[in-house]
$ cat start_34.json   # JSON, C-alpha atoms and all ligand atoms
[["chain", "number", "residue", "atom", "x", "y", "z"],
["A", 1, "MET", "CA", 106.52, -51.31, -140.58],
["A", 2, "GLU", "CA", 104.11, -49.74, -143.04],
["A", 3, "ASN", "CA", 105.32, -46.25, -142.25],
["A", 4, "LYS", "CA", 108.94, -46.30, -143.30],
["A", 5, "GLU", "CA", 109.79, -42.65, -142.94],
["A", 6, "VAL", "CA", 113.23, -42.38, -141.33],
["A", 7, "LEU", "CA", 113.36, -40.08, -138.31],
["A", 8, "ILE", "CA", 116.93, -40.84, -137.21],
["A", 9, "LYS", "CA", 119.79, -42.20, -139.26],
["A", 10, "VAL", "CA", 122.79, -43.49, -137.33],
["A", 11, "ASP", "CA", 125.74, -43.93, -139.67],
["A", 12, "LYS", "CA", 129.00, -45.61, -138.57],
["A", 13, "LEU", "CA", 128.65, -44.02, -135.13],
["A", 14, "GLN", "CA", 131.68, -44.37, -132.92],
["A", 15, "LYS", "CA", 132.34, -43.47, -129.31],
["A", 16, "LYS", "CA", 135.66, -44.12, -127.64],
["A", 17, "PHE", "CA", 136.63, -43.12, -124.12],
["A", 18, "ASP", "CA", 140.19, -42.38, -122.98],
["A", 19, "VAL", "CA", 141.32, -44.83, -120.31],
["A", 20, "GLY", "CA", 144.82, -43.75, -119.37],
["A", 21, "LYS", "CA", 146.83, -43.99, -122.57],
["A", 22, "LYS", "CA", 144.44, -46.49, -124.12],
["A", 23, "LYS", "CA", 141.03, -46.15, -125.76],
["A", 24, "LEU", "CA", 137.89, -47.96, -124.65],
["A", 25, "THR", "CA", 135.64, -48.64, -127.63],
["A", 26, "ALA", "CA", 132.06, -48.33, -126.35],
["A", 27, "VAL", "CA", 130.31, -47.83, -129.71],
["A", 28, "ASP", "CA", 132.06, -49.23, -132.76],
["A", 29, "ASP", "CA", 130.83, -48.27, -136.25],
["A", 30, "VAL", "CA", 127.15, -48.66, -135.44],
["A", 31, "SER", "CA", 124.62, -47.99, -138.22],
["A", 32, "PHE", "CA", 120.82, -48.21, -138.18],
["A", 33, "ASP", "CA", 117.71, -46.22, -139.00],
["A", 34, "ILE", "CA", 114.87, -45.45, -136.62],
["A", 35, "TYR", "CA", 111.54, -45.02, -138.39],
["A", 36, "LYS", "CA", 108.90, -42.52, -137.32],
["A", 37, "THR", "CA", 106.51, -43.87, -134.66],
["A", 38, "GLU", "CA", 108.31, -47.21, -134.29],
["A", 39, "THR", "CA", 110.07, -48.66, -131.27],
["A", 40, "LEU", "CA", 113.54, -49.90, -131.98],
["A", 41, "GLY", "CA", 114.74, -52.13, -129.15],
["A", 42, "LEU", "CA", 118.46, -52.22, -128.40],
["A", 43, "VAL", "CA", 119.50, -55.27, -126.39],
["A", 44, "GLY", "CA", 122.65, -56.89, -125.09],
["A", 45, "GLU", "CA", 124.44, -57.67, -121.86],
["A", 46, "SER", "CA", 125.38, -54.82, -119.55],
["A", 47, "GLY", "CA", 128.49, -53.02, -120.76],
["A", 48, "CYS", "CA", 127.80, -53.76, -124.45],
["A", 49, "GLY", "CA", 127.52, -50.05, -125.31],
["A", 50, "LYS", "CA", 123.76, -49.70, -125.74],
["A", 51, "THR", "CA", 123.35, -46.90, -123.18],
["A", 52, "THR", "CA", 126.39, -45.05, -124.57],
["A", 53, "CYS", "CA", 124.91, -45.45, -128.05],
["A", 54, "GLY", "CA", 121.57, -43.93, -126.96],
["A", 55, "ARG", "CA", 123.26, -41.03, -125.19],
["A", 56, "THR", "CA", 125.62, -40.36, -128.10],
["A", 57, "ILE", "CA", 122.64, -40.19, -130.48],
["A", 58, "LEU", "CA", 121.18, -37.45, -128.26],
["A", 59, "GLY", "CA", 124.53, -35.64, -128.09],
["A", 60, "LEU", "CA", 124.88, -36.26, -124.33],
["A", 61, "HIS", "CA", 128.21, -37.90, -125.20],
["A", 62, "LYS", "CA", 130.36, -36.33, -127.91],
["A", 63, "LYS", "CA", 130.79, -38.85, -130.71],
["A", 64, "THR", "CA", 134.31, -39.73, -131.85],
["A", 65, "GLY", "CA", 133.27, -40.79, -135.36],
["A", 66, "GLY", "CA", 130.37, -41.27, -137.74],
["A", 67, "HIS", "CA", 127.12, -39.36, -138.02],
["A", 68, "VAL", "CA", 123.68, -39.01, -136.48],
["A", 69, "TYR", "CA", 121.04, -37.42, -138.69],
["A", 70, "TYR", "CA", 117.73, -36.24, -137.24],
["A", 71, "GLU", "CA", 115.25, -35.64, -140.05],
["A", 72, "GLY", "CA", 118.23, -35.41, -142.40],
["A", 73, "VAL", "CA", 120.18, -32.87, -140.31],
["A", 74, "GLU", "CA", 123.55, -33.89, -138.80],
["A", 75, "VAL", "CA", 123.01, -33.38, -135.08],
["A", 76, "SER", "CA", 126.61, -32.34, -134.33],
["A", 77, "GLU", "CA", 126.36, -29.60, -136.96],
["A", 78, "ILE", "CA", 123.44, -27.91, -135.21],
["A", 79, "LYS", "CA", 125.17, -24.80, -133.95],
["A", 80, "LYS", "CA", 122.62, -22.03, -133.44],
["A", 81, "ARG", "CA", 121.42, -21.83, -129.84],
["A", 82, "LYS", "CA", 117.79, -21.80, -130.96],
["A", 83, "ASP", "CA", 118.25, -24.92, -133.10],
["A", 84, "ILE", "CA", 120.07, -26.78, -130.30],
["A", 85, "LYS", "CA", 117.20, -25.94, -127.97],
["A", 86, "ASP", "CA", 114.72, -27.14, -130.58],
["A", 87, "PHE", "CA", 116.55, -30.48, -130.94],
["A", 88, "LYS", "CA", 116.60, -30.92, -127.14],
["A", 89, "LYS", "CA", 112.85, -30.38, -127.14],
["A", 90, "LYS", "CA", 112.25, -32.93, -129.88],
["A", 91, "ALA", "CA", 114.57, -35.62, -128.50],
["A", 92, "GLN", "CA", 114.22, -36.57, -124.84],
["A", 93, "ILE", "CA", 115.46, -39.32, -122.52],
["A", 94, "ILE", "CA", 113.91, -41.36, -119.72],
["A", 95, "PHE", "CA", 116.66, -42.46, -117.36],
["A", 96, "GLN", "CA", 117.24, -45.88, -115.87],
["A", 97, "ASP", "CA", 117.20, -44.95, -112.24],
["A", 98, "PRO", "CA", 114.08, -43.12, -111.04],
["A", 99, "TYR", "CA", 115.70, -42.81, -107.59],
["A", 100, "SER", "CA", 118.65, -40.66, -108.60],
["A", 101, "SER", "CA", 117.27, -38.88, -111.66],
["A", 102, "LEU", "CA", 114.77, -36.72, -109.73],
["A", 103, "ASP", "CA", 116.00, -33.84, -107.55],
["A", 104, "PRO", "CA", 114.82, -34.64, -103.97],
["A", 105, "ARG", "CA", 114.62, -30.91, -103.10],
["A", 106, "MET", "CA", 112.07, -30.14, -105.81],
["A", 107, "THR", "CA", 108.35, -30.87, -105.76],
["A", 108, "ILE", "CA", 107.01, -33.10, -108.50],
["A", 109, "GLU", "CA", 105.26, -30.08, -110.03],
["A", 110, "ASP", "CA", 108.53, -28.12, -110.20],
["A", 111, "ILE", "CA", 110.37, -31.10, -111.70],
["A", 112, "ILE", "CA", 107.83, -31.49, -114.50],
["A", 113, "ALA", "CA", 107.41, -27.73, -114.99],
["A", 114, "GLU", "CA", 111.16, -27.11, -115.40],
["A", 115, "GLY", "CA", 111.23, -28.12, -119.08],
["A", 116, "ILE", "CA", 107.91, -26.39, -119.79],
["A", 117, "ARG", "CA", 109.33, -23.08, -118.53],
["A", 118, "VAL", "CA", 112.43, -23.48, -120.74],
["A", 119, "HIS", "CA", 110.63, -24.48, -123.93],
["A", 120, "PHE", "CA", 107.34, -22.61, -123.55],
["A", 121, "PRO", "CA", 108.51, -19.33, -121.94],
["A", 122, "LYS", "CA", 105.25, -17.52, -122.70],
["A", 123, "MET", "CA", 103.16, -19.95, -120.68],
["A", 124, "LYS", "CA", 101.66, -18.39, -117.54],
["A", 125, "ASP", "CA", 101.94, -20.06, -114.09],
["A", 126, "ALA", "CA", 98.28, -21.11, -114.08],
["A", 127, "GLU", "CA", 98.63, -22.72, -117.54],
["A", 128, "ILE", "CA", 101.79, -24.53, -116.43],
["A", 129, "HIS", "CA", 99.97, -25.82, -113.34],
["A", 130, "ASN", "CA", 97.13, -27.13, -115.52],
["A", 131, "ARG", "CA", 99.58, -28.71, -117.97],
["A", 132, "VAL", "CA", 101.43, -30.48, -115.11],
["A", 133, "SER", "CA", 98.09, -31.82, -113.79],
["A", 134, "GLU", "CA", 97.24, -33.06, -117.28],
["A", 135, "LEU", "CA", 100.65, -34.76, -117.62],
["A", 136, "LEU", "CA", 100.28, -36.44, -114.23],
["A", 137, "LYS", "CA", 96.94, -37.88, -115.34],
["A", 138, "MET", "CA", 98.44, -39.02, -118.64],
["A", 139, "VAL", "CA", 100.99, -41.13, -116.76],
["A", 140, "GLY", "CA", 98.39, -42.63, -114.43],
["A", 141, "LEU", "CA", 98.89, -40.37, -111.39],
["A", 142, "ASN", "CA", 96.67, -37.53, -110.17],
["A", 143, "ALA", "CA", 97.06, -33.77, -109.76],
["A", 144, "GLU", "CA", 97.68, -34.10, -105.99],
["A", 145, "HIS", "CA", 101.00, -35.84, -106.66],
["A", 146, "GLY", "CA", 102.33, -32.48, -107.92],
["A", 147, "ALA", "CA", 102.74, -31.14, -104.37],
["A", 148, "ARG", "CA", 104.79, -34.12, -103.18],
["A", 149, "PHE", "CA", 108.53, -34.77, -103.23],
["A", 150, "PRO", "CA", 110.16, -37.69, -105.11],
["A", 151, "GLN", "CA", 111.08, -39.56, -101.92],
["A", 152, "GLU", "CA", 107.39, -39.74, -100.96],
["A", 153, "LEU", "CA", 106.62, -41.83, -104.05],
["A", 154, "SER", "CA", 107.20, -45.49, -104.91],
["A", 155, "GLY", "CA", 109.73, -46.56, -107.57],
["A", 156, "GLY", "CA", 107.01, -47.09, -110.17],
["A", 157, "GLN", "CA", 105.46, -43.68, -109.42],
["A", 158, "ARG", "CA", 108.85, -42.01, -109.70],
["A", 159, "GLN", "CA", 109.44, -43.56, -113.10],
["A", 160, "ARG", "CA", 106.01, -42.24, -114.16],
["A", 161, "ILE", "CA", 107.28, -38.78, -113.11],
["A", 162, "GLY", "CA", 110.37, -39.35, -115.26],
["A", 163, "ILE", "CA", 108.05, -40.12, -118.18],
["A", 164, "ALA", "CA", 105.86, -37.05, -117.48],
["A", 165, "ARG", "CA", 108.98, -34.86, -117.33],
["A", 166, "ALA", "CA", 110.10, -36.15, -120.75],
["A", 167, "LEU", "CA", 106.60, -35.65, -122.23],
["A", 168, "ALA", "CA", 106.28, -32.13, -120.79],
["A", 169, "VAL", "CA", 108.24, -30.56, -123.64],
["A", 170, "GLU", "CA", 106.17, -32.41, -126.31],
["A", 171, "PRO", "CA", 108.98, -34.51, -127.82],
["A", 172, "GLU", "CA", 108.89, -36.63, -130.97],
["A", 173, "PHE", "CA", 111.59, -39.10, -129.99],
["A", 174, "ILE", "CA", 112.48, -40.61, -126.61],
["A", 175, "VAL", "CA", 115.48, -42.72, -125.66],
["A", 176, "CYS", "CA", 114.12, -45.05, -122.98],
["A", 177, "ASP", "CA", 117.36, -46.02, -121.24],
["A", 178, "GLU", "CA", 116.65, -49.21, -119.26],
["A", 179, "PRO", "CA", 113.52, -47.50, -117.86],
["A", 180, "ILE", "CA", 112.27, -50.57, -116.01],
["A", 181, "SER", "CA", 115.41, -52.32, -114.81],
["A", 182, "ALA", "CA", 115.42, -50.61, -111.39],
["A", 183, "LEU", "CA", 111.75, -51.47, -110.76],
["A", 184, "ASP", "CA", 110.06, -54.46, -109.13],
["A", 185, "VAL", "CA", 109.08, -57.10, -111.67],
["A", 186, "SER", "CA", 105.42, -56.56, -110.75],
["A", 187, "ILE", "CA", 105.68, -52.88, -111.78],
["A", 188, "GLN", "CA", 107.77, -53.35, -114.93],
["A", 189, "ALA", "CA", 104.89, -54.46, -117.18],
["A", 190, "GLN", "CA", 102.74, -51.52, -116.01],
["A", 191, "VAL", "CA", 105.42, -49.01, -117.02],
["A", 192, "VAL", "CA", 106.01, -50.72, -120.39],
["A", 193, "ASN", "CA", 102.25, -50.76, -121.07],
["A", 194, "LEU", "CA", 102.08, -47.06, -120.19],
["A", 195, "LEU", "CA", 104.89, -46.31, -122.67],
["A", 196, "ILE", "CA", 103.05, -48.29, -125.38],
["A", 197, "LYS", "CA", 99.80, -46.41, -124.68],
["A", 198, "LEU", "CA", 101.53, -43.01, -124.77],
["A", 199, "GLN", "CA", 103.29, -43.89, -128.00],
["A", 200, "ARG", "CA", 99.96, -44.71, -129.67],
["A", 201, "GLU", "CA", 98.26, -41.56, -128.34],
["A", 202, "LEU", "CA", 101.09, -39.14, -129.10],
["A", 203, "GLY", "CA", 102.76, -40.71, -132.17],
["A", 204, "LEU", "CA", 106.10, -41.04, -130.38],
["A", 205, "THR", "CA", 109.22, -42.78, -131.62],
["A", 206, "TYR", "CA", 111.26, -44.80, -129.10],
["A", 207, "LEU", "CA", 114.73, -46.23, -128.83],
["A", 208, "PHE", "CA", 114.12, -48.74, -126.04],
["A", 209, "ILE", "CA", 117.33, -49.90, -124.38],
["A", 210, "SER", "CA", 117.22, -52.99, -122.21],
["A", 211, "HIS", "CA", 119.06, -56.15, -121.22],
["A", 212, "ASP", "CA", 115.68, -57.86, -120.62],
["A", 213, "LEU", "CA", 114.78, -59.61, -123.86],
["A", 214, "SER", "CA", 111.25, -60.51, -122.81],
["A", 215, "MET", "CA", 110.28, -56.86, -122.14],
["A", 216, "VAL", "CA", 111.96, -55.67, -125.33],
["A", 217, "LYS", "CA", 109.88, -58.17, -127.28],
["A", 218, "HIS", "CA", 106.69, -56.75, -125.79],
["A", 219, "ILE", "CA", 107.33, -53.14, -126.79],
["A", 220, "SER", "CA", 109.56, -53.25, -129.90],
["A", 221, "ASP", "CA", 108.80, -53.34, -133.63],
["A", 222, "ARG", "CA", 112.40, -54.09, -134.57],
["A", 223, "ILE", "CA", 115.34, -55.13, -132.45],
["A", 224, "GLY", "CA", 119.08, -54.51, -132.68],
["A", 225, "VAL", "CA", 121.35, -56.86, -130.75],
["A", 226, "MET", "CA", 124.60, -55.32, -129.53],
["A", 227, "TYR", "CA", 127.79, -57.09, -128.53],
["A", 228, "LEU", "CA", 130.90, -55.19, -127.41],
["A", 229, "GLY", "CA", 129.90, -51.97, -129.11],
["A", 230, "SER", "CA", 128.71, -53.48, -132.40],
["A", 231, "ILE", "CA", 125.31, -54.39, -133.81],
["A", 232, "VAL", "CA", 125.51, -58.11, -134.56],
["A", 233, "GLU", "CA", 121.90, -58.60, -135.67],
["A", 234, "LEU", "CA", 119.02, -56.30, -136.60],
["A", 235, "ALA", "CA", 115.55, -57.38, -137.72],
["A", 236, "ASP", "CA", 111.86, -57.15, -136.94],
["A", 237, "LYS", "CA", 111.00, -58.76, -133.62],
["A", 238, "GLU", "CA", 109.29, -61.80, -135.15],
["A", 239, "SER", "CA", 112.51, -62.70, -136.98],
["A", 240, "ILE", "CA", 114.76, -62.01, -134.00],
["A", 241, "TYR", "CA", 112.73, -64.26, -131.69],
["A", 242, "GLY", "CA", 111.45, -66.76, -134.26],
["A", 243, "GLU", "CA", 114.53, -67.16, -136.40],
["A", 244, "PRO", "CA", 117.62, -65.68, -134.74],
["A", 245, "LEU", "CA", 120.65, -66.04, -137.01],
["A", 246, "HIS", "CA", 123.64, -64.79, -135.02],
["A", 247, "PRO", "CA", 125.04, -67.30, -132.49],
["A", 248, "TYR", "CA", 124.99, -64.55, -129.82],
["A", 249, "THR", "CA", 121.30, -63.76, -130.41],
["A", 250, "GLN", "CA", 120.53, -67.49, -130.37],
["A", 251, "ALA", "CA", 122.26, -67.86, -127.01],
["A", 252, "LEU", "CA", 120.51, -64.81, -125.51],
["A", 253, "ILE", "CA", 117.09, -66.05, -126.61],
["A", 254, "SER", "CA", 117.67, -69.62, -125.50],
["A", 255, "VAL", "CA", 118.12, -68.53, -121.88],
["A", 256, "ILE", "CA", 114.95, -66.39, -121.61],
["A", 257, "PRO", "CA", 112.95, -67.94, -118.75],
["A", 258, "ILE", "CA", 109.90, -69.90, -119.92],
["A", 259, "PRO", "CA", 106.77, -68.77, -118.00],
["A", 260, "ASP", "CA", 105.15, -72.21, -118.30],
["A", 261, "PRO", "CA", 107.60, -75.03, -117.52],
["A", 262, "ASP", "CA", 105.19, -77.56, -119.08],
["A", 263, "ALA", "CA", 105.29, -75.70, -122.40],
["A", 264, "GLY", "CA", 108.34, -77.71, -123.41],
["A", 265, "ILE", "CA", 112.06, -77.77, -122.82],
["A", 266, "LYS", "CA", 113.94, -75.37, -125.03],
["A", 267, "ASP", "CA", 117.32, -76.15, -126.52],
["A", 268, "ARG", "CA", 119.38, -73.98, -124.18],
["A", 269, "THR", "CA", 122.80, -72.75, -125.23],
["A", 270, "PRO", "CA", 123.95, -70.64, -122.29],
["A", 271, "LEU", "CA", 126.81, -68.23, -122.95],
["A", 272, "LYS", "CA", 130.22, -69.45, -121.89],
["A", 273, "GLY", "CA", 133.70, -68.00, -122.13],
["A", 274, "GLU", "CA", 135.26, -64.67, -121.32],
["A", 275, "ILE", "CA", 134.05, -61.37, -122.81],
["A", 276, "PRO", "CA", 137.09, -59.64, -124.32],
["A", 277, "SER", "CA", 138.06, -56.26, -122.87],
["A", 278, "PRO", "CA", 136.70, -53.29, -124.86],
["A", 279, "ILE", "CA", 140.17, -51.77, -124.37],
["A", 280, "ASP", "CA", 141.88, -54.71, -126.03],
["A", 281, "LEU", "CA", 139.58, -56.12, -128.70],
["A", 282, "PRO", "CA", 140.57, -59.29, -130.60],
["A", 283, "VAL", "CA", 141.35, -59.42, -134.30],
["A", 284, "GLY", "CA", 138.32, -60.70, -136.23],
["A", 285, "CYS", "CA", 134.90, -61.40, -134.74],
["A", 286, "LYS", "CA", 134.48, -60.01, -131.22],
["A", 287, "PHE", "CA", 132.27, -62.97, -130.27],
["A", 288, "GLN", "CA", 134.85, -65.65, -131.21],
["A", 289, "SER", "CA", 135.86, -66.47, -127.60],
["A", 290, "ARG", "CA", 132.26, -67.44, -126.74],
["A", 291, "CYS", "CA", 131.02, -68.78, -130.05],
["A", 292, "VAL", "CA", 130.33, -72.50, -130.42],
["A", 293, "LYS", "CA", 130.50, -72.15, -134.22],
["A", 294, "CYS", "CA", 133.81, -70.25, -134.44],
["A", 295, "MET", "CA", 135.83, -70.92, -137.62],
["A", 296, "GLU", "CA", 139.36, -69.96, -138.68],
["A", 297, "ILE", "CA", 138.14, -66.95, -140.68],
["A", 298, "CYS", "CA", 136.44, -65.61, -137.54],
["A", 299, "LYS", "CA", 139.89, -65.05, -135.97],
["A", 300, "GLU", "CA", 141.15, -63.18, -139.02],
["A", 301, "SER", "CA", 138.49, -60.83, -140.30],
["A", 302, "VAL", "CA", 135.64, -58.79, -138.85],
["A", 303, "PRO", "CA", 132.27, -59.98, -140.19],
["A", 304, "PRO", "CA", 130.40, -56.99, -141.70],
["A", 305, "LEU", "CA", 126.71, -56.38, -140.94],
["A", 306, "LYS", "CA", 124.92, -57.68, -144.06],
["A", 307, "GLU", "CA", 121.29, -57.91, -145.12],
["A", 308, "VAL", "CA", 120.73, -61.65, -145.53],
["A", 309, "LYS", "CA", 116.95, -61.48, -145.90],
["A", 310, "PRO", "CA", 114.79, -58.41, -146.53],
["A", 311, "GLY", "CA", 115.16, -56.25, -143.42],
["A", 312, "HIS", "CA", 117.21, -58.91, -141.56],
["A", 313, "PHE", "CA", 120.84, -57.92, -140.99],
["A", 314, "VAL", "CA", 123.51, -60.11, -139.40],
["A", 315, "ALA", "CA", 127.26, -59.79, -138.81],
["A", 316, "CYS", "CA", 128.59, -63.35, -138.90],
["A", 317, "HIS", "CA", 130.86, -65.29, -141.28],
["A", 318, "LEU", "CA", 128.36, -68.16, -141.29],
["A", 319, "PHE", "CA", 126.36, -65.99, -143.72],
["A", 320, "ASP", "CA", 129.23, -64.95, -146.01],
["B", 1, "LIG", "FE1", 130.77, -67.13, -134.39],
["B", 1, "LIG", "FE2", 132.39, -66.70, -136.45],
["B", 1, "LIG", "FE3", 129.88, -65.88, -136.58],
["B", 1, "LIG", "FE4", 131.64, -64.68, -134.98],
["B", 1, "LIG", "S1", 131.69, -64.73, -137.20],
["B", 1, "LIG", "S2", 129.57, -65.24, -134.46],
["B", 1, "LIG", "S3", 132.87, -66.37, -134.28],
["B", 1, "LIG", "S4", 130.60, -68.00, -136.45]]

$ encode --input "start_34.json" --output "structure tokens"
Amino acid sequence: MENKEVLIKVDKLQKKFDVGKKKLTAVDDVSFDIYKTETLGLVGESGCGKTTCGRTILGLHKKTGGHVYYEGVEVSEIKKRKDIKDFKKKAQIIFQDPYSSLDPRMTIEDIIAEGIRVHFPKMKDAEIHNRVSELLKMVGLNAEHGARFPQELSGGQRQRIGIARALAVEPEFIVCDEPISALDVSIQAQVVNLLIKLQRELGLTYLFISHDLSMVKHISDRIGVMYLGSIVELADKESIYGEPLHPYTQALISVIPIPDPDAGIKDRTPLKGEIPSPIDLPVGCKFQSRCVKCMEICKESVPPLKEVKPGHFVACHLFD
């Protein structure tokens, strides 16, 4: 990244949920920066806390510890109604499920116009109509789609509406929360390419959350790998895919399907063993029950996330 201006600083972020008398640790002391106009990919198996992390950054979940700074301002300390509204305008989300995230009783135009009316109250109806038409074209649809209802559109078209709705308020930062996982494989690349194009045109910054490592590679500049609420590795995408250091990252990458079977057999190390419960985490490294390189120290102390090469962070005792 040439442009290293930090937009968002996540510092020891923690989110725990009450489960009866116990606590479920969804996000556990997570720290990273997101630079302006980059895409930071956040990957890991389902249930690893990546969606909760994205939502907690936006304040959709109340954090239980740590800090999130947006342009140097602690998000939870934004108190004035006007400033909260301003933050909501700057930081948007595209949801995973385009089927349930759009109100079936509203036309597409009303869905996209909703945020415009809130954040640009002086805009007249005719201007809003023109802006909605422009947004529909930006996401590869046409103005006629505005009169339709969500259920009249395909999954890919609905996700384009979700993107247009997020763009309508002119954000700087978008959490893309598994935006392609509910779509047909044939449509997924189209939506990812659209997000890349929009980022270039509008100078957007993305946190792209996904369990699909091949799609994350396509869109991301840097990638954070999450396991049971913690970042276990963070680096630029070339390092993550070319030289993964953490045994968990190595296992995830080794099982990515190879498009060309003749390209060579990869050394596959599929993940085995039970994932510990986030309600009852083990002492030491959380990955110990599935790690082929587990040592005695791994059962005694938590490996901290350390920078082992410039810009390449890993949390593993192999690099102590
Ligand atoms: Fe494996 Fe130990 Fe590294 Fe954890 S700290 S990933 S158990 S080697």

$ closest_atom_pairs --input "start_34.json" --of "chain A" --to "ligand LIG 1 (chain B)" --cutoff "10 Å" --atoms "all atoms listed in the file" --output "Markdown table"
| residue | atom | partner | partner_atom | distance |
| --- | --- | --- | --- | --- |
| A:Val232 | CA | B:LIG1 | S2 | 8.2 |
| A:Leu245 | CA | B:LIG1 | FE3 | 9.2 |
| A:His246 | CA | B:LIG1 | S2 | 6.0 |
| A:Pro247 | CA | B:LIG1 | S2 | 5.4 |
| A:Tyr248 | CA | B:LIG1 | S2 | 6.6 |
| A:Thr249 | CA | B:LIG1 | S2 | 9.3 |
| A:Gly284 | CA | B:LIG1 | S1 | 7.8 |
| A:Cys285 | CA | B:LIG1 | FE4 | 4.6 |
| A:Lys286 | CA | B:LIG1 | FE4 | 6.6 |
| A:Phe287 | CA | B:LIG1 | FE4 | 5.1 |
| A:Gln288 | CA | B:LIG1 | S3 | 3.7 |
| A:Ser289 | CA | B:LIG1 | S3 | 7.3 |
| A:Arg290 | CA | B:LIG1 | S3 | 7.6 |
| A:Cys291 | CA | B:LIG1 | FE1 | 4.6 |
| A:Val292 | CA | B:LIG1 | FE1 | 6.7 |
| A:Lys293 | CA | B:LIG1 | S4 | 4.7 |
| A:Cys294 | CA | B:LIG1 | S3 | 4.0 |
| A:Met295 | CA | B:LIG1 | FE2 | 5.6 |
| A:Glu296 | CA | B:LIG1 | FE2 | 8.0 |
| A:Ile297 | CA | B:LIG1 | FE2 | 7.1 |
| A:Cys298 | CA | B:LIG1 | FE2 | 4.3 |
| A:Lys299 | CA | B:LIG1 | S3 | 7.3 |
| A:Glu300 | CA | B:LIG1 | S1 | 9.8 |
| A:Ser301 | CA | B:LIG1 | S1 | 8.4 |
| A:Val302 | CA | B:LIG1 | S1 | 7.3 |
| A:Pro303 | CA | B:LIG1 | S1 | 5.6 |
| A:Pro304 | CA | B:LIG1 | S1 | 9.0 |
| A:Val314 | CA | B:LIG1 | FE3 | 9.0 |
| A:Ala315 | CA | B:LIG1 | S1 | 6.8 |
| A:Cys316 | CA | B:LIG1 | FE3 | 3.7 |
| A:His317 | CA | B:LIG1 | S1 | 4.2 |
| A:Leu318 | CA | B:LIG1 | S4 | 5.3 |
| A:Phe319 | CA | B:LIG1 | FE3 | 8.0 |
| A:Asp320 | CA | B:LIG1 | S1 | 9.1 |

$ closest_residue --input "start_34.json" --among "A:Glu38, A:Asp125, A:Glu172, A:Glu307" --to "A:Ser220" --atoms "all atoms listed in the file"
A:Glu38

$ atom_distance --input "start_34.json" --atom1 "atom CA of A:Met215" --atom2 "atom CA of A:Val192"
7.7 Å

$ residues_around --input "start_34.json" --residues "A:Ile94" --least-positions-apart "6" --cutoff "9 Å" --atoms "all atoms listed in the file" --output "VMD selection string"
chain A and resid 159 162 to 163 165 to 166 174 to 179

$ residues_near_point --input "start_34.json" --point "(124.1, -55.7, -128.5)" --cutoff "6 Å" --atoms "all atoms listed in the file" --output "PyMOL selection string"
chain A and resi 43-44+48+225-227+231

$ write_last_selection --input "start_34.json" --atoms "C-alpha atoms" --output "CSV table (one decimal), keeping the file's coordinate frame"
chain,number,residue,atom,x,y,z
A,43,VAL,CA,119.5,-55.3,-126.4
A,44,GLY,CA,122.6,-56.9,-125.1
A,48,CYS,CA,127.8,-53.8,-124.4
A,225,VAL,CA,121.4,-56.9,-130.8
A,226,MET,CA,124.6,-55.3,-129.5
A,227,TYR,CA,127.8,-57.1,-128.5
A,231,ILE,CA,125.3,-54.4,-133.8

$ atom_distance --input "start_34.json" --atom1 "atom CA of A:Lys272" --atom2 "atom CA of A:Gly41"
24.3 Å

$ closest_residue --input "start_34.json" --among "A:Leu58, A:Ile93, A:Ser277, A:Tyr70" --to "A:Phe208" --atoms "only C-alpha atoms"
A:Ile93

$ residues_near_point --input "start_34.json" --point "(113.0, -31.9, -122.4)" --cutoff "9 Å" --atoms "only C-alpha atoms" --output "ChimeraX atom specification"
/A:88-93,114-116,118-119,165-171

$ closest_residue --input "start_34.json" --among "A:Leu195, A:Ile209, A:Val19, A:Leu153" --to "A:Glu45" --atoms "all atoms listed in the file"
A:Ile209

$ atom_distance --input "start_34.json" --atom1 "atom CA of A:Thr205" --atom2 "atom CA of A:Lys217"
16.0 Å
